[in-house]
file data.cif (mmCIF, C-alpha atoms (C1' of nucleotides))
data_upload
#
loop_
_atom_site.label_atom_id
_atom_site.label_comp_id
_atom_site.auth_asym_id
_atom_site.auth_seq_id
_atom_site.Cartn_x
_atom_site.Cartn_y
_atom_site.Cartn_z
CA MET A 25 0.00 0.00 0.00
CA LEU A 26 1.48 3.29 -1.17
CA LEU A 27 0.63 6.35 0.92
CA ALA A 28 1.62 9.91 0.08
CA THR A 29 1.22 13.46 1.32
CA TRP A 30 1.49 16.61 -0.78
CA ASN A 31 0.92 20.28 -0.07
CA VAL A 32 -0.29 21.34 -3.51
CA ASN A 33 -0.63 25.11 -2.89
CA SER A 34 -4.05 25.40 -4.57
CA LEU A 35 -5.63 22.30 -6.08
CA LYS A 36 -7.25 24.53 -8.69
CA ALA A 37 -3.86 25.79 -9.88
CA ARG A 38 -2.28 22.34 -9.50
CA PHE A 39 -5.08 20.05 -10.71
CA ALA A 40 -3.38 19.03 -13.95
CA ARG A 41 -0.08 18.31 -12.22
CA VAL A 42 -1.77 16.42 -9.39
CA SER A 43 -3.80 14.35 -11.85
CA GLU A 44 -0.71 13.48 -13.88
CA TRP A 45 1.23 12.62 -10.73
CA ILE A 46 -1.54 10.32 -9.50
CA ALA A 47 -1.70 8.57 -12.88
CA ASP A 48 2.08 8.14 -12.87
CA VAL A 49 2.71 7.19 -9.25
CA GLN A 50 -0.56 5.35 -8.50
CA PRO A 51 -0.75 6.06 -4.77
CA ASP A 52 -3.32 4.08 -2.80
CA VAL A 53 -3.84 6.91 -0.31
CA LEU A 54 -3.02 10.57 -1.00
CA MET A 55 -3.24 13.32 1.61
CA LEU A 56 -3.51 16.83 0.19
CA GLN A 57 -3.00 20.16 1.93
CA GLU A 58 -3.68 23.75 0.91
CA THR A 59 -6.35 22.88 -1.61
CA LYS A 60 -7.56 26.49 -1.20
CA MET A 61 -11.10 25.67 -2.30
CA THR A 62 -14.61 25.12 -1.01
CA ASP A 63 -16.01 21.62 -0.64
CA ALA A 64 -18.33 22.42 -3.55
CA ALA A 65 -15.38 23.20 -5.80
CA PHE A 66 -13.42 20.06 -4.87
CA PRO A 67 -13.18 17.82 -7.97
CA ALA A 68 -14.43 14.64 -6.25
CA GLY A 69 -15.95 13.41 -9.51
CA ALA A 70 -12.67 13.57 -11.39
CA PHE A 71 -10.90 11.67 -8.62
CA ALA A 72 -13.73 9.12 -8.52
CA ALA A 73 -13.29 8.58 -12.25
CA ALA A 74 -9.64 7.81 -11.51
CA GLY A 75 -10.72 5.24 -8.92
CA TYR A 76 -10.44 7.26 -5.71
CA GLU A 77 -12.93 7.87 -2.97
CA SER A 78 -12.27 11.18 -1.26
CA VAL A 79 -13.08 13.45 1.64
CA HIS A 80 -12.36 17.17 1.48
CA PHE A 81 -12.51 19.73 4.26
CA GLY A 82 -12.19 23.16 2.77
CA GLU A 83 -13.01 26.74 3.50
CA GLY A 84 -12.31 28.50 0.21
CA ARG A 85 -9.51 30.96 -0.14
CA TRP A 86 -7.03 29.45 2.27
CA ASN A 87 -6.09 26.11 3.81
CA GLY A 88 -8.17 23.08 2.89
CA VAL A 89 -7.22 19.40 3.31
CA ALA A 90 -8.30 16.16 1.65
CA ILE A 91 -7.75 12.42 1.65
CA LEU A 92 -8.02 10.34 -1.53
CA SER A 93 -8.11 6.56 -1.28
CA ARG A 94 -8.56 3.61 -3.60
CA VAL A 95 -8.40 1.10 -0.72
CA GLY A 96 -11.60 2.25 0.99
CA LEU A 97 -12.40 5.38 2.95
CA GLU A 98 -14.35 4.92 6.16
CA SER A 99 -15.31 7.23 9.00
CA PRO A 100 -14.38 10.48 7.25
CA ARG A 101 -14.04 13.24 9.84
CA PRO A 102 -13.35 16.89 9.16
CA ASN A 103 -11.68 18.97 11.89
CA PHE A 104 -10.70 17.86 15.40
CA ALA A 105 -12.47 15.06 17.25
CA VAL A 106 -11.75 16.60 20.67
CA GLY A 107 -11.93 20.13 22.01
CA GLU A 108 -13.28 23.06 20.07
CA ALA A 109 -13.44 22.82 16.32
CA ASP A 110 -10.58 24.70 14.71
CA PHE A 111 -11.70 27.86 12.93
CA GLN A 112 -9.74 26.91 9.84
CA ALA A 113 -9.80 23.82 7.59
CA ARG A 114 -6.55 22.14 8.60
CA VAL A 115 -7.21 18.53 9.57
CA VAL A 116 -9.23 15.70 8.08
CA SER A 117 -9.14 12.04 9.09
CA ALA A 118 -10.44 8.72 7.78
CA THR A 119 -9.71 5.00 7.87
CA CYS A 120 -8.21 3.76 4.61
CA GLY A 121 -7.29 0.11 4.04
CA GLY A 122 -7.31 -0.50 7.79
CA ILE A 123 -5.02 2.44 8.59
CA VAL A 124 -6.24 5.46 10.53
CA VAL A 125 -5.10 8.33 8.30
CA VAL A 126 -4.82 11.86 9.70
CA CYS A 127 -4.09 14.55 7.11
CA VAL A 128 -2.93 17.83 8.59
CA TYR A 129 -1.88 21.31 7.56
CA VAL A 130 -0.22 22.81 10.63
CA PRO A 131 -0.33 26.63 10.92
CA ASN A 132 2.81 28.38 9.66
CA GLY A 133 3.36 30.47 12.77
CA ARG A 134 4.66 33.49 10.84
CA SER A 135 7.09 34.68 13.54
CA LEU A 136 7.88 33.77 17.13
CA ASP A 137 6.27 36.97 18.48
CA ASP A 138 3.09 36.59 16.41
CA ASP A 139 -0.24 35.41 17.84
CA HIS A 140 -0.26 32.94 14.94
CA TYR A 141 2.73 31.20 16.51
CA GLN A 142 0.78 30.64 19.73
CA TYR A 143 -2.05 29.28 17.57
CA LYS A 144 0.47 26.89 15.98
CA LEU A 145 1.50 25.57 19.40
CA ARG A 146 -2.11 25.17 20.55
CA PHE A 147 -2.95 23.44 17.27
CA LEU A 148 -0.14 20.92 17.73
CA ALA A 149 -1.28 20.10 21.28
CA GLN A 150 -4.83 19.58 20.06
CA LEU A 151 -3.60 17.47 17.15
CA ARG A 152 -1.91 15.15 19.63
CA ASP A 153 -5.16 14.82 21.60
CA HIS A 154 -7.09 14.32 18.35
CA VAL A 155 -4.88 11.44 17.29
CA ALA A 156 -5.05 9.91 20.76
CA ALA A 157 -8.85 10.08 20.65
CA LEU A 158 -9.14 8.56 17.17
CA ALA A 159 -6.53 5.85 17.31
CA ASP A 160 -4.52 3.44 19.43
CA PRO A 161 -0.73 3.63 19.13
CA ALA A 162 -0.72 -0.18 19.03
CA GLY A 163 -2.84 -0.03 15.87
CA ASP A 164 -2.19 1.12 12.33
CA VAL A 165 -1.93 4.91 12.17
CA VAL A 166 -0.36 7.38 9.74
CA ILE A 167 -0.31 11.11 10.41
CA GLY A 168 0.77 12.87 7.25
CA GLY A 169 0.95 16.43 6.12
CA ASP A 170 2.64 19.78 6.12
CA PHE A 171 3.79 20.24 9.70
CA ASN A 172 5.59 23.52 9.04
CA ILE A 173 8.28 22.20 11.41
CA ALA A 174 11.75 20.97 10.53
CA PRO A 175 12.20 18.26 13.20
CA THR A 176 15.97 18.78 13.57
CA ASP A 177 18.71 21.03 12.21
CA ALA A 178 19.52 18.26 9.70
CA ASP A 179 16.18 19.10 8.08
CA VAL A 180 17.16 22.64 6.99
CA TRP A 181 19.77 23.88 4.54
CA ASP A 182 21.36 26.35 6.94
CA PRO A 183 20.42 26.24 10.63
CA ALA A 184 22.40 29.41 11.34
CA ALA A 185 20.28 31.37 8.86
CA LEU A 186 17.08 30.34 10.65
CA VAL A 187 17.88 31.06 14.28
CA GLY A 188 14.99 32.93 15.85
CA GLN A 189 12.52 31.91 13.17
CA THR A 190 9.55 29.58 13.07
CA HIS A 191 9.83 26.00 11.79
CA VAL A 192 12.96 25.39 13.88
CA SER A 193 12.11 26.80 17.34
CA ALA A 194 12.31 24.54 20.40
CA PRO A 195 8.65 24.92 21.49
CA GLU A 196 7.25 23.77 18.15
CA ARG A 197 9.79 20.96 17.88
CA ASP A 198 8.82 19.91 21.41
CA ALA A 199 5.13 19.98 20.46
CA LEU A 200 5.91 17.74 17.49
CA GLY A 201 7.91 15.56 19.87
CA ARG A 202 4.84 15.05 22.05
CA ILE A 203 2.97 13.70 19.02
CA VAL A 204 5.90 11.41 18.22
CA GLU A 205 6.04 10.27 21.87
CA TRP A 206 2.38 9.27 21.65
CA GLY A 207 3.55 6.50 19.35
CA VAL A 208 4.62 7.38 15.82
CA ARG A 209 7.88 7.42 13.89
CA ASP A 210 9.22 9.71 11.18
CA VAL A 211 9.53 6.94 8.60
CA VAL A 212 11.36 8.97 5.94
CA ARG A 213 14.07 10.06 8.37
CA ASP A 214 14.32 6.52 9.74
CA ALA A 215 15.18 5.25 6.26
CA HIS A 216 17.21 8.26 5.07
CA PRO A 217 19.67 9.57 7.67
CA GLU A 218 21.57 11.71 5.18
CA PRO A 219 21.34 15.53 5.30
CA GLY A 220 20.04 17.60 2.41
CA LEU A 221 16.66 15.86 2.30
CA TYR A 222 13.99 18.52 1.85
CA SER A 223 10.30 18.68 0.92
CA TRP A 224 9.80 22.45 0.56
CA TRP A 225 11.71 25.20 -1.20
CA ASP A 226 10.67 28.87 -1.27
CA TYR A 227 9.55 30.10 -4.67
CA ARG A 228 11.75 33.15 -4.13
CA ASN A 229 15.46 33.58 -4.72
CA GLY A 230 15.86 30.43 -6.80
CA SER A 231 15.82 28.47 -3.55
CA PHE A 232 15.15 25.11 -5.20
CA HIS A 233 18.12 25.32 -7.51
CA ARG A 234 20.37 26.61 -4.73
CA GLY A 235 19.41 23.79 -2.42
CA TRP A 236 17.79 26.09 0.14
CA GLY A 237 15.07 23.81 1.42
CA MET A 238 13.50 22.35 4.51
CA ARG A 239 11.96 18.95 5.32
CA ILE A 240 8.64 20.02 6.81
CA ASP A 241 6.26 17.54 5.17
CA LEU A 242 6.21 14.37 7.23
CA LEU A 243 4.76 10.88 7.32
CA LEU A 244 4.49 9.75 10.94
CA ALA A 245 3.56 6.08 11.36
CA SER A 246 2.68 3.96 14.36
CA ALA A 247 5.09 1.15 15.24
CA SER A 248 3.13 -1.55 13.41
CA VAL A 249 3.02 0.50 10.21
CA ALA A 250 6.63 1.64 10.54
CA ALA A 251 7.74 -1.98 10.92
CA ARG A 252 5.98 -2.85 7.64
CA THR A 253 7.30 0.19 5.76
CA THR A 254 9.42 -1.17 2.93
CA TRP A 255 10.30 2.06 1.11
CA SER A 256 9.92 5.81 1.43
CA ALA A 257 10.98 8.84 -0.56
CA ILE A 258 10.52 12.51 -1.29
CA ASP A 259 9.64 13.03 -4.96
CA ARG A 260 11.67 16.18 -5.57
CA ASN A 261 11.15 15.82 -9.32
CA ALA A 262 7.61 17.03 -8.69
CA ARG A 263 9.08 20.38 -7.56
CA LYS A 264 10.52 20.88 -11.07
CA GLY A 265 8.89 21.95 -14.33
CA GLU A 266 5.89 24.11 -15.13
CA GLN A 267 3.87 25.62 -12.29
CA PRO A 268 5.08 23.38 -9.49
CA SER A 269 3.85 23.52 -5.93
CA ASP A 270 6.52 24.82 -3.58
CA HIS A 271 6.28 21.43 -1.80
CA ALA A 272 7.26 17.97 -3.08
CA PRO A 273 5.19 14.84 -2.36
CA VAL A 274 6.40 12.45 0.34
CA LEU A 275 5.72 8.73 -0.06
CA MET A 276 5.84 5.48 1.88
CA GLU A 277 5.16 1.88 0.90
CA VAL A 278 3.59 -0.37 3.55
CA ALA A 279 3.45 -4.16 3.29
CA ALA A 280 0.21 -5.97 4.10
CA ARG A 281 -0.34 -7.19 7.64
"C1'" DA B 17 17.97 35.73 2.90
"C1'" DT B 18 13.57 39.85 4.99
"C1'" DG B 19 12.35 39.37 -0.44
"C1'" DG B 20 13.78 39.03 -6.47
"C1'" DT B 21 7.68 34.31 -6.31
"C1'" DG B 22 3.30 32.62 -6.50
"C1'" DG B 23 -1.54 31.66 -4.84
"C1'" DC B 24 -5.78 33.82 -3.63
"C1'" DC B 25 -8.55 37.62 -6.27
"C1'" DC B 26 -7.68 42.44 -8.03
"C1'" DG B 27 -5.02 45.61 -3.08
"C1'" DG B 28 -3.33 43.10 0.19
"C1'" DC B 29 -2.86 38.91 2.64
"C1'" DC B 30 -0.58 34.64 3.11
"C1'" DA B 31 3.19 31.36 2.67
#

call {"tool": "encode", "arguments": {"input": "data.cif", "output": "structure tokens"}}
result
Amino acid sequence: MLLATWNVNSLKARFARVSEWIADVQPDVLMLQETKMTDAAFPAGAFAAAGYESVHFGEGRWNGVAILSRVGLESPRPNFAVGEADFQARVVSATCGGIVVVCVYVPNGRSLDDDHYQYKLRFLAQLRDHVAALADPAGDVVIGGDFNIAPTDADVWDPAALVGQTHVSAPERDALGRIVEWGVRDVVRDAHPEPGLYSWWDYRNGSFHRGWGMRIDLLLASASVAARTTWSAIDRNARKGEQPSDHAPVLMEVAAR
DNA sequence: ATGGTGGCCCGGCCA
């Protein structure tokens, strides 16, 4: 079973590229972030024609998350299962092929002194509680998405350039750590210890070609899924070419139980 | 590295 996550930075702008990528890669489960569309605008029919059930949780201009699956899609759930509903469309969950799939678009944070950064930290705490309410760490769970956090300094091109900024600060890394401690592993990092592995590059300054990237899109799997993960990768080729997203898809292959 | 891009939608926000 091939699972993937991709921040597409507008599904409307990226629909052709996403469709081509799906046809080429044939993922069984695909988590999308930043669809930037309403539920009414979500092209569920086109995905159904390609063999995928889907659930979309959108708001329109910003955010928006979705799960596509061709191995079944049960118990679709927009937003958080515990606490107050988030005011933005940033998390959607479902069970696909026996795996509890949580697709998340974590707030950016903007800057450490911004209210949005405090929102990011609250969001991460609630995400941990959400996952704990929906799933058992002894079961099959994958939390995938754009976390807007580089877990360690090995996940950024130049740690010195980012001191004092979001994505690398200790509080957000700790908040991510509390999700990991609940019972998931960063399967891409487990398989690829080398530095220079990134999933996002700023559109500005030729960052992609200069290698100025960060690994902020993650696939976090429970122990049983991680143990059956046979392959994982970041498809940086998808960051090339005409009208790319600023994020690359991240993939993992899981053997049957 | 503090913005030279790109998405929303059409001036300004967001990443």

call {"tool": "interface_residues", "arguments": {"input": "data.cif", "of": "chain B", "to": "chain A", "cutoff": "8 Å", "atoms": "only C-alpha atoms (C1' of nucleotides)", "output": "PyMOL selection string"}}
result
chain B and resi 17+19-24+31

call {"tool": "residues_around", "arguments": {"input": "data.cif", "residues": "Tyr141 (chain A)", "least_positions_apart": "6", "cutoff": "9 Å", "atoms": "all atoms listed in the file", "output": "count of residues only"}}
result
7

call {"tool": "atom_distance", "arguments": {"input": "data.cif", "atom1": "CA of Ala149 (chain A)", "atom2": "C1' of DC30 (chain B)"}}
result
23.3 Å

call {"tool": "atom_distance", "arguments": {"input": "data.cif", "atom1": "CA of Val53 (chain A)", "atom2": "CA of Leu92 (chain A)"}}
result
5.5 Å

call {"tool": "atom_distance", "arguments": {"input": "data.cif", "atom1": "CA of Gly88 (chain A)", "atom2": "CA of Ser117 (chain A)"}}
result
12.7 Å

call {"tool": "residues_around", "arguments": {"input": "data.cif", "residues": "Pro175 (chain A)", "least_positions_apart": "4", "cutoff": "9 Å", "atoms": "only C-alpha atoms (C1' of nucleotides)", "output": "PyMOL selection string"}}
result
chain A and resi 179+191-192+196-197+200-201+239-240

call {"tool": "residues_around", "arguments": {"input": "data.cif", "residues": "Arg94 (chain A)", "least_positions_apart": "2", "cutoff": "8 Å", "atoms": "all atoms listed in the file", "output": "VMD selection string"}}
result
chain A and resid 52 to 53 75 to 77 92 96 to 97

call {"tool": "resolve_selection", "arguments": {"input": "data.cif", "expression": "the PyMOL selection byres ((chain A and resi 243) around 10)", "output": "PyMOL selection string"}}
result
chain A and resi 27-29+126-127+166-171+208-213+240-242+244-245+250+256+274-276

call {"tool": "closest_residue", "arguments": {"input": "data.cif", "among": "A:Ser246, A:Asn87, A:Asn31, A:Thr253", "to": "Ile123 (chain A)", "atoms": "all atoms listed in the file"}}
result
A:Ser246
